[in-house]
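Here's the structure we're looking at; comments come further down.
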Amino acid sequence: MEEKIYQLSYYNQVEGERILLRPMTLKDAEDMYEYASDDETVRFVFEKHTNLEETKKNIANYFMKEPLGKYAIELKETGKMIGTIDLRLKSGTNSAEIGYTLNKNYWKNGYITEAGKLIIALGFEKMGLERIYACYDIENPASGKVMERLGMTYEGTLRKNRIHKKRDVDDVYYSILKQDYFS
């Protein structure tokens, strides 16, 4: 695990065709608040932010406190931060989980797919991971479509796996293996 963390430390910025994955800063608070305060955008991910100060605290406590593998998604053309994507290494394994959130004003433009492909390439090509996986709330099938576009394969559904916003959630899991990525 320590070796993987060390490897990840070399990749705090990853550049795509249209986007830049980079560390979050407090300068991103207004862009994040724009979507973090929107019910539709955060419905399946986290509690809605009620003010800009809450967003700043979230950035400091989650993204800046332990920044490795946590990226702002910035549009290269405008410099606007439109979402986040994480590569969370799993202790005791050679695998990692991807998680993402995107401002709804940028849905259906392929930005999360582009970001996900960059993260998967980082995981397999630079870090030598064996497996990368993701899960989504069964009521959010659009997220599953992203996982399919990333080349992930359905693994299964964990029924009533967790409680989110006072409801029991079924989590649908997808993954991609290094051997599948390279074939």
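Scheme for the structure tokens: letters A, B, ... for chains in order shown; per-chain residue numbers from 1; ligand numbers from 1 in order shown.
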So that I can check the surroundings of region 145-160 of chain A, please list as a PyMOL selection string every protein, DNA and RNA residue that reaches within 8 Å of it, counting only C-alpha atoms and ignoring chain neighbours fewer than 3 positions away.
chain A and resi 112-113+116-117+133-134+141-142+163+168-176+181
Please produce, as JSON lines, a per-residue contact table for region 85-169 of chain A versus region 10-20 of chain A (criterion: any atom at most 10 Å away, only C-alpha atoms considered), showing the nearest atom pair and its distance in Å to one decimal, sorted by chain then residue number.
{"residue": "A:Gly110", "atom": "CA", "partner": "A:Arg18", "partner_atom": "CA", "distance": 9.9}
{"residue": "A:Tyr111", "atom": "CA", "partner": "A:Ile19", "partner_atom": "CA", "distance": 7.5}
{"residue": "A:Ile112", "atom": "CA", "partner": "A:Ile19", "partner_atom": "CA", "distance": 9.8}
{"residue": "A:Glu114", "atom": "CA", "partner": "A:Gly16", "partner_atom": "CA", "distance": 7.1}
{"residue": "A:Ala115", "atom": "CA", "partner": "A:Ile19", "partner_atom": "CA", "distance": 7.5}
{"residue": "A:Lys117", "atom": "CA", "partner": "A:Gly16", "partner_atom": "CA", "distance": 9.1}
{"residue": "A:Leu118", "atom": "CA", "partner": "A:Gly16", "partner_atom": "CA", "distance": 6.9}
{"residue": "A:Ile119", "atom": "CA", "partner": "A:Val14", "partner_atom": "CA", "distance": 8.2}
{"residue": "A:Leu122", "atom": "CA", "partner": "A:Tyr11", "partner_atom": "CA", "distance": 8.1}
{"residue": "A:Lys126", "atom": "CA", "partner": "A:Tyr11", "partner_atom": "CA", "distance": 9.0}
{"residue": "A:Met127", "atom": "CA", "partner": "A:Tyr11", "partner_atom": "CA", "distance": 10.0}
Can you spit out the residues from that selection as a PDB file, in the first residue's frame, using N, CA, C and O atoms?
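Result file follows (selection-v9.pdb):
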ATOM      1  N   GLY A 110     -19.630  13.707 -21.928  1.00  0.00           N
ATOM      2  CA  GLY A 110     -18.495  12.789 -21.910  1.00  0.00           C
ATOM      3  C   GLY A 110     -17.366  13.176 -20.974  1.00  0.00           C
ATOM      4  O   GLY A 110     -16.301  12.556 -21.003  1.00  0.00           O
ATOM      5  N   TYR A 111     -17.589  14.166 -20.115  1.00  0.00           N
ATOM      6  CA  TYR A 111     -16.500  14.602 -19.233  1.00  0.00           C
ATOM      7  C   TYR A 111     -16.137  13.549 -18.182  1.00  0.00           C
ATOM      8  O   TYR A 111     -14.956  13.330 -17.908  1.00  0.00           O
ATOM      9  N   ILE A 112     -17.134  12.908 -17.588  1.00  0.00           N
ATOM     10  CA  ILE A 112     -16.825  11.878 -16.582  1.00  0.00           C
ATOM     11  C   ILE A 112     -16.188  10.669 -17.246  1.00  0.00           C
ATOM     12  O   ILE A 112     -15.272  10.062 -16.696  1.00  0.00           O
ATOM     13  N   GLU A 114     -14.269  10.776 -19.893  1.00  0.00           N
ATOM     14  CA  GLU A 114     -12.877  11.182 -20.157  1.00  0.00           C
ATOM     15  C   GLU A 114     -12.057  11.140 -18.868  1.00  0.00           C
ATOM     16  O   GLU A 114     -10.941  10.611 -18.847  1.00  0.00           O
ATOM     17  N   ALA A 115     -12.601  11.668 -17.793  1.00  0.00           N
ATOM     18  CA  ALA A 115     -11.889  11.656 -16.507  1.00  0.00           C
ATOM     19  C   ALA A 115     -11.663  10.222 -16.027  1.00  0.00           C
ATOM     20  O   ALA A 115     -10.577   9.882 -15.551  1.00  0.00           O
ATOM     21  N   LYS A 117     -11.435   7.480 -17.805  1.00  0.00           N
ATOM     22  CA  LYS A 117     -10.408   6.822 -18.623  1.00  0.00           C
ATOM     23  C   LYS A 117      -9.012   7.260 -18.203  1.00  0.00           C
ATOM     24  O   LYS A 117      -8.084   6.452 -18.171  1.00  0.00           O
ATOM     25  N   LEU A 118      -8.864   8.539 -17.870  1.00  0.00           N
ATOM     26  CA  LEU A 118      -7.565   9.020 -17.388  1.00  0.00           C
ATOM     27  C   LEU A 118      -7.184   8.344 -16.071  1.00  0.00           C
ATOM     28  O   LEU A 118      -6.030   7.945 -15.878  1.00  0.00           O
ATOM     29  N   ILE A 119      -8.147   8.206 -15.177  1.00  0.00           N
ATOM     30  CA  ILE A 119      -7.884   7.596 -13.872  1.00  0.00           C
ATOM     31  C   ILE A 119      -7.580   6.101 -14.025  1.00  0.00           C
ATOM     32  O   ILE A 119      -6.681   5.570 -13.372  1.00  0.00           O
ATOM     33  N   LEU A 122      -4.105   5.720 -15.374  1.00  0.00           N
ATOM     34  CA  LEU A 122      -3.166   5.968 -14.278  1.00  0.00           C
ATOM     35  C   LEU A 122      -3.038   4.719 -13.401  1.00  0.00           C
ATOM     36  O   LEU A 122      -1.927   4.274 -13.085  1.00  0.00           O
ATOM     37  N   LYS A 126       0.450   3.251 -14.783  1.00  0.00           N
ATOM     38  CA  LYS A 126       1.484   3.877 -13.952  1.00  0.00           C
ATOM     39  C   LYS A 126       1.640   3.214 -12.586  1.00  0.00           C
ATOM     40  O   LYS A 126       2.722   3.193 -12.031  1.00  0.00           O
ATOM     41  N   MET A 127       0.534   2.680 -12.049  1.00  0.00           N
ATOM     42  CA  MET A 127       0.576   2.146 -10.692  1.00  0.00           C
ATOM     43  C   MET A 127       0.546   0.627 -10.632  1.00  0.00           C
ATOM     44  O   MET A 127       0.747   0.043  -9.575  1.00  0.00           O
TER      45      MET A 127
END
Need to verify the contact set: Ile5 (chain A), 12 Å, only C-alpha atoms, exclusion of same-chain residues closer than 6 positions in sequence. Can you return it as a PDB file with N, CA and C atoms, in the first residue's frame?
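Output contents, as saved in part27.pdb:
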ATOM      1  N   TYR A  11       1.523  11.781  -9.496  1.00  0.00           N
ATOM      2  CA  TYR A  11       0.480  12.107 -10.471  1.00  0.00           C
ATOM      3  C   TYR A  11      -0.615  12.965  -9.837  1.00  0.00           C
ATOM      4  N   ASN A  12      -0.224  14.152  -9.356  1.00  0.00           N
ATOM      5  CA  ASN A  12      -1.243  15.023  -8.777  1.00  0.00           C
ATOM      6  C   ASN A  12      -1.960  15.832  -9.852  1.00  0.00           C
ATOM      7  N   GLU A  66      -6.115  15.089   2.807  1.00  0.00           N
ATOM      8  CA  GLU A  66      -5.417  13.931   2.237  1.00  0.00           C
ATOM      9  C   GLU A  66      -5.672  13.948   0.732  1.00  0.00           C
ATOM     10  N   PRO A  67      -4.875  14.729  -0.004  1.00  0.00           N
ATOM     11  CA  PRO A  67      -5.200  14.999  -1.406  1.00  0.00           C
ATOM     12  C   PRO A  67      -4.879  13.903  -2.415  1.00  0.00           C
ATOM     13  N   LEU A  68      -4.024  12.949  -2.085  1.00  0.00           N
ATOM     14  CA  LEU A  68      -3.615  11.966  -3.081  1.00  0.00           C
ATOM     15  C   LEU A  68      -4.798  11.169  -3.626  1.00  0.00           C
ATOM     16  N   GLY A  69      -4.906  11.162  -4.942  1.00  0.00           N
ATOM     17  CA  GLY A  69      -5.963  10.423  -5.611  1.00  0.00           C
ATOM     18  C   GLY A  69      -7.277  11.161  -5.713  1.00  0.00           C
ATOM     19  N   LEU A  87      -9.564   8.347  -6.982  1.00  0.00           N
ATOM     20  CA  LEU A  87      -9.028   6.991  -7.082  1.00  0.00           C
ATOM     21  C   LEU A  87      -8.636   6.617  -5.669  1.00  0.00           C
ATOM     22  N   ARG A  88      -9.471   5.791  -5.018  1.00  0.00           N
ATOM     23  CA  ARG A  88      -9.267   5.444  -3.607  1.00  0.00           C
ATOM     24  C   ARG A  88      -8.642   4.056  -3.503  1.00  0.00           C
ATOM     25  N   LEU A  89      -7.373   4.030  -3.115  1.00  0.00           N
ATOM     26  CA  LEU A  89      -6.662   2.765  -2.953  1.00  0.00           C
ATOM     27  C   LEU A  89      -7.266   1.980  -1.798  1.00  0.00           C
ATOM     28  N   LYS A  90      -7.379   0.680  -1.985  1.00  0.00           N
ATOM     29  CA  LYS A  90      -7.951  -0.178  -0.951  1.00  0.00           C
ATOM     30  C   LYS A  90      -6.843  -0.941  -0.244  1.00  0.00           C
ATOM     31  N   SER A  91      -6.735  -0.739   1.050  1.00  0.00           N
ATOM     32  CA  SER A  91      -5.696  -1.344   1.875  1.00  0.00           C
ATOM     33  C   SER A  91      -5.742  -2.865   1.785  1.00  0.00           C
ATOM     34  N   ASN A  94      -4.589  -4.979  -4.279  1.00  0.00           N
ATOM     35  CA  ASN A  94      -3.953  -4.290  -5.398  1.00  0.00           C
ATOM     36  C   ASN A  94      -5.059  -3.689  -6.259  1.00  0.00           C
ATOM     37  N   ALA A  96      -8.375  -0.447  -6.472  1.00  0.00           N
ATOM     38  CA  ALA A  96      -8.811   0.893  -6.079  1.00  0.00           C
ATOM     39  C   ALA A  96     -10.237   1.097  -6.559  1.00  0.00           C
ATOM     40  N   GLY A 123      -4.175   4.153 -13.027  1.00  0.00           N
ATOM     41  CA  GLY A 123      -4.160   2.990 -12.145  1.00  0.00           C
ATOM     42  C   GLY A 123      -3.462   1.778 -12.728  1.00  0.00           C
ATOM     43  N   LYS A 126       0.450   3.251 -14.783  1.00  0.00           N
ATOM     44  CA  LYS A 126       1.484   3.877 -13.952  1.00  0.00           C
ATOM     45  C   LYS A 126       1.640   3.214 -12.586  1.00  0.00           C
ATOM     46  N   MET A 127       0.534   2.680 -12.049  1.00  0.00           N
ATOM     47  CA  MET A 127       0.576   2.146 -10.692  1.00  0.00           C
ATOM     48  C   MET A 127       0.546   0.627 -10.632  1.00  0.00           C
ATOM     49  N   GLY A 128       0.258  -0.031 -11.739  1.00  0.00           N
ATOM     50  CA  GLY A 128       0.257  -1.490 -11.766  1.00  0.00           C
ATOM     51  C   GLY A 128      -0.864  -2.137 -10.974  1.00  0.00           C
ATOM     52  N   LEU A 129      -1.986  -1.430 -10.818  1.00  0.00           N
ATOM     53  CA  LEU A 129      -3.114  -2.037 -10.116  1.00  0.00           C
ATOM     54  C   LEU A 129      -3.638  -3.235 -10.900  1.00  0.00           C
TER      55      LEU A 129
END
Where in region 24-106 of chain A does DSSP assign strand (DSSP E), given as a list in words?
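Going through region 24-106 of chain A, the strand (DSSP E) residues come out as Lys70, Tyr71, Ala72, Ile73, Glu74, Leu75, Met81, Ile82, Gly83, Thr84, Ile85, Asp86, Leu87, Arg88, Leu89, Ser95, Ala96, Glu97, Ile98, Gly99, Tyr100, Thr101 and Leu102 of chain A.
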Write to file, as a CSV table (one decimal), in the first residue's frame, the residues of the selection just made, with N, CA, C and O atoms.
chain,number,residue,atom,x,y,z
A,70,LYS,N,-7.3,12.4,-5.2
A,70,LYS,CA,-8.6,13.2,-5.3
A,70,LYS,C,-8.3,14.4,-6.2
A,70,LYS,O,-7.4,15.2,-6.0
A,71,TYR,N,-9.2,14.5,-7.2
A,71,TYR,CA,-8.9,15.4,-8.3
A,71,TYR,C,-10.2,16.3,-8.5
A,71,TYR,O,-11.3,15.8,-8.6
A,72,ALA,N,-9.9,17.6,-8.8
A,72,ALA,CA,-10.9,18.5,-9.4
A,72,ALA,C,-10.9,18.2,-10.9
A,72,ALA,O,-9.8,18.0,-11.5
A,73,ILE,N,-12.0,18.3,-11.5
A,73,ILE,CA,-12.1,18.2,-12.9
A,73,ILE,C,-12.3,19.6,-13.5
A,73,ILE,O,-13.3,20.2,-13.2
A,74,GLU,N,-11.3,20.1,-14.2
A,74,GLU,CA,-11.3,21.4,-14.7
A,74,GLU,C,-11.4,21.4,-16.2
A,74,GLU,O,-10.6,20.7,-16.9
A,75,LEU,N,-12.2,22.3,-16.7
A,75,LEU,CA,-12.3,22.4,-18.2
A,75,LEU,C,-11.1,23.2,-18.6
A,75,LEU,O,-10.9,24.3,-18.2
A,81,MET,N,-14.0,24.6,-12.7
A,81,MET,CA,-14.0,23.3,-12.1
A,81,MET,C,-15.5,22.8,-12.1
A,81,MET,O,-16.4,23.5,-11.6
A,82,ILE,N,-15.7,21.6,-12.8
A,82,ILE,CA,-17.0,21.1,-13.0
A,82,ILE,C,-17.4,19.9,-12.2
A,82,ILE,O,-18.5,19.4,-12.3
A,83,GLY,N,-16.4,19.3,-11.5
A,83,GLY,CA,-16.7,18.1,-10.7
A,83,GLY,C,-15.5,17.6,-10.1
A,83,GLY,O,-14.4,18.2,-10.1
A,84,THR,N,-15.6,16.4,-9.5
A,84,THR,CA,-14.5,15.7,-8.9
A,84,THR,C,-14.4,14.3,-9.3
A,84,THR,O,-15.5,13.7,-9.6
A,85,ILE,N,-13.3,13.7,-9.2
A,85,ILE,CA,-13.1,12.2,-9.4
A,85,ILE,C,-12.0,11.8,-8.4
A,85,ILE,O,-11.1,12.5,-8.2
A,86,ASP,N,-12.2,10.6,-7.8
A,86,ASP,CA,-11.3,10.0,-6.9
A,86,ASP,C,-10.8,8.7,-7.3
A,86,ASP,O,-11.6,7.9,-7.9
A,87,LEU,N,-9.6,8.3,-7.0
A,87,LEU,CA,-9.0,7.0,-7.1
A,87,LEU,C,-8.6,6.6,-5.7
A,87,LEU,O,-7.6,7.1,-5.1
A,88,ARG,N,-9.5,5.8,-5.0
A,88,ARG,CA,-9.3,5.4,-3.6
A,88,ARG,C,-8.6,4.1,-3.5
A,88,ARG,O,-9.3,3.1,-3.8
A,89,LEU,N,-7.4,4.0,-3.1
A,89,LEU,CA,-6.7,2.8,-3.0
A,89,LEU,C,-7.3,2.0,-1.8
A,89,LEU,O,-7.6,2.6,-0.8
A,95,SER,N,-6.0,-3.1,-5.6
A,95,SER,CA,-7.2,-2.5,-6.3
A,95,SER,C,-7.5,-1.1,-5.7
A,95,SER,O,-7.0,-0.7,-4.7
A,96,ALA,N,-8.4,-0.4,-6.5
A,96,ALA,CA,-8.8,0.9,-6.1
A,96,ALA,C,-10.2,1.1,-6.6
A,96,ALA,O,-10.7,0.4,-7.5
A,97,GLU,N,-10.9,2.0,-5.9
A,97,GLU,CA,-12.3,2.4,-6.3
A,97,GLU,C,-12.3,3.8,-6.9
A,97,GLU,O,-11.6,4.7,-6.4
A,98,ILE,N,-13.1,3.9,-7.9
A,98,ILE,CA,-13.3,5.3,-8.5
A,98,ILE,C,-14.7,5.8,-8.0
A,98,ILE,O,-15.6,5.1,-7.9
A,99,GLY,N,-14.7,7.1,-7.7
A,99,GLY,CA,-15.9,7.8,-7.3
A,99,GLY,C,-15.9,9.1,-8.1
A,99,GLY,O,-14.8,9.7,-8.3
A,100,TYR,N,-17.1,9.6,-8.4
A,100,TYR,CA,-17.1,10.9,-9.2
A,100,TYR,C,-18.4,11.6,-8.9
A,100,TYR,O,-19.4,11.0,-8.6
A,101,THR,N,-18.4,12.9,-9.2
A,101,THR,CA,-19.5,13.8,-9.1
A,101,THR,C,-19.3,14.9,-10.2
A,101,THR,O,-18.2,15.4,-10.4
A,102,LEU,N,-20.4,15.2,-10.9
A,102,LEU,CA,-20.3,16.2,-12.0
A,102,LEU,C,-21.4,17.2,-11.9
A,102,LEU,O,-22.6,16.7,-11.8
Among the residues of region 27-144 of chain A, find those DSSP assigns to helix (DSSP H, G or I) from the backbone and print them as number ranges by chain.
A: 27-36, 39-42, 52-64, 104-106, 111-126, 141-144
What does the structure give for the distance between CA of Glu53 (chain A) and CA of Tyr35 (chain A), in Å to one decimal?
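Distance reported for this atom pair: 14.2 Å.
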One decimal place gives the CA of Ala29 (chain A)-CA of Leu52 (chain A) separation as 6.9 Å
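Take CA of Asp31 (chain A) and CA of Asn103 (chain A): the distance between them is 8.8 Å.
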Kindly indicate which residue among A:His49, A:Lys27, A:Lys178, A:Lys108 lies nearest to Phe124 (chain A), using only C-alpha atoms for the distances.
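Answer, going by the shortest atom-to-atom distance: A:Lys178.
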Residue nearest Leu177 (chain A) among A:Glu54, A:Glu139, A:Glu130, A:Glu40 (counting only C-alpha atoms):
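Comparing A:Glu54, A:Glu139, A:Glu130, A:Glu40 against Leu177 (chain A), the winner is A:Glu130.
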Selected residue, from A:Asn105, A:Asn161, A:Ser183, A:Asn58, that lies nearest to Thr41 (chain A) when counting only C-alpha atoms
A:Asn105
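Residue nearest Ala36 (chain A) within the list A:Arg167, A:Arg22, A:Lys56, A:Lys4: A:Lys56 [criterion: smallest interatomic distance, only C-alpha atoms].
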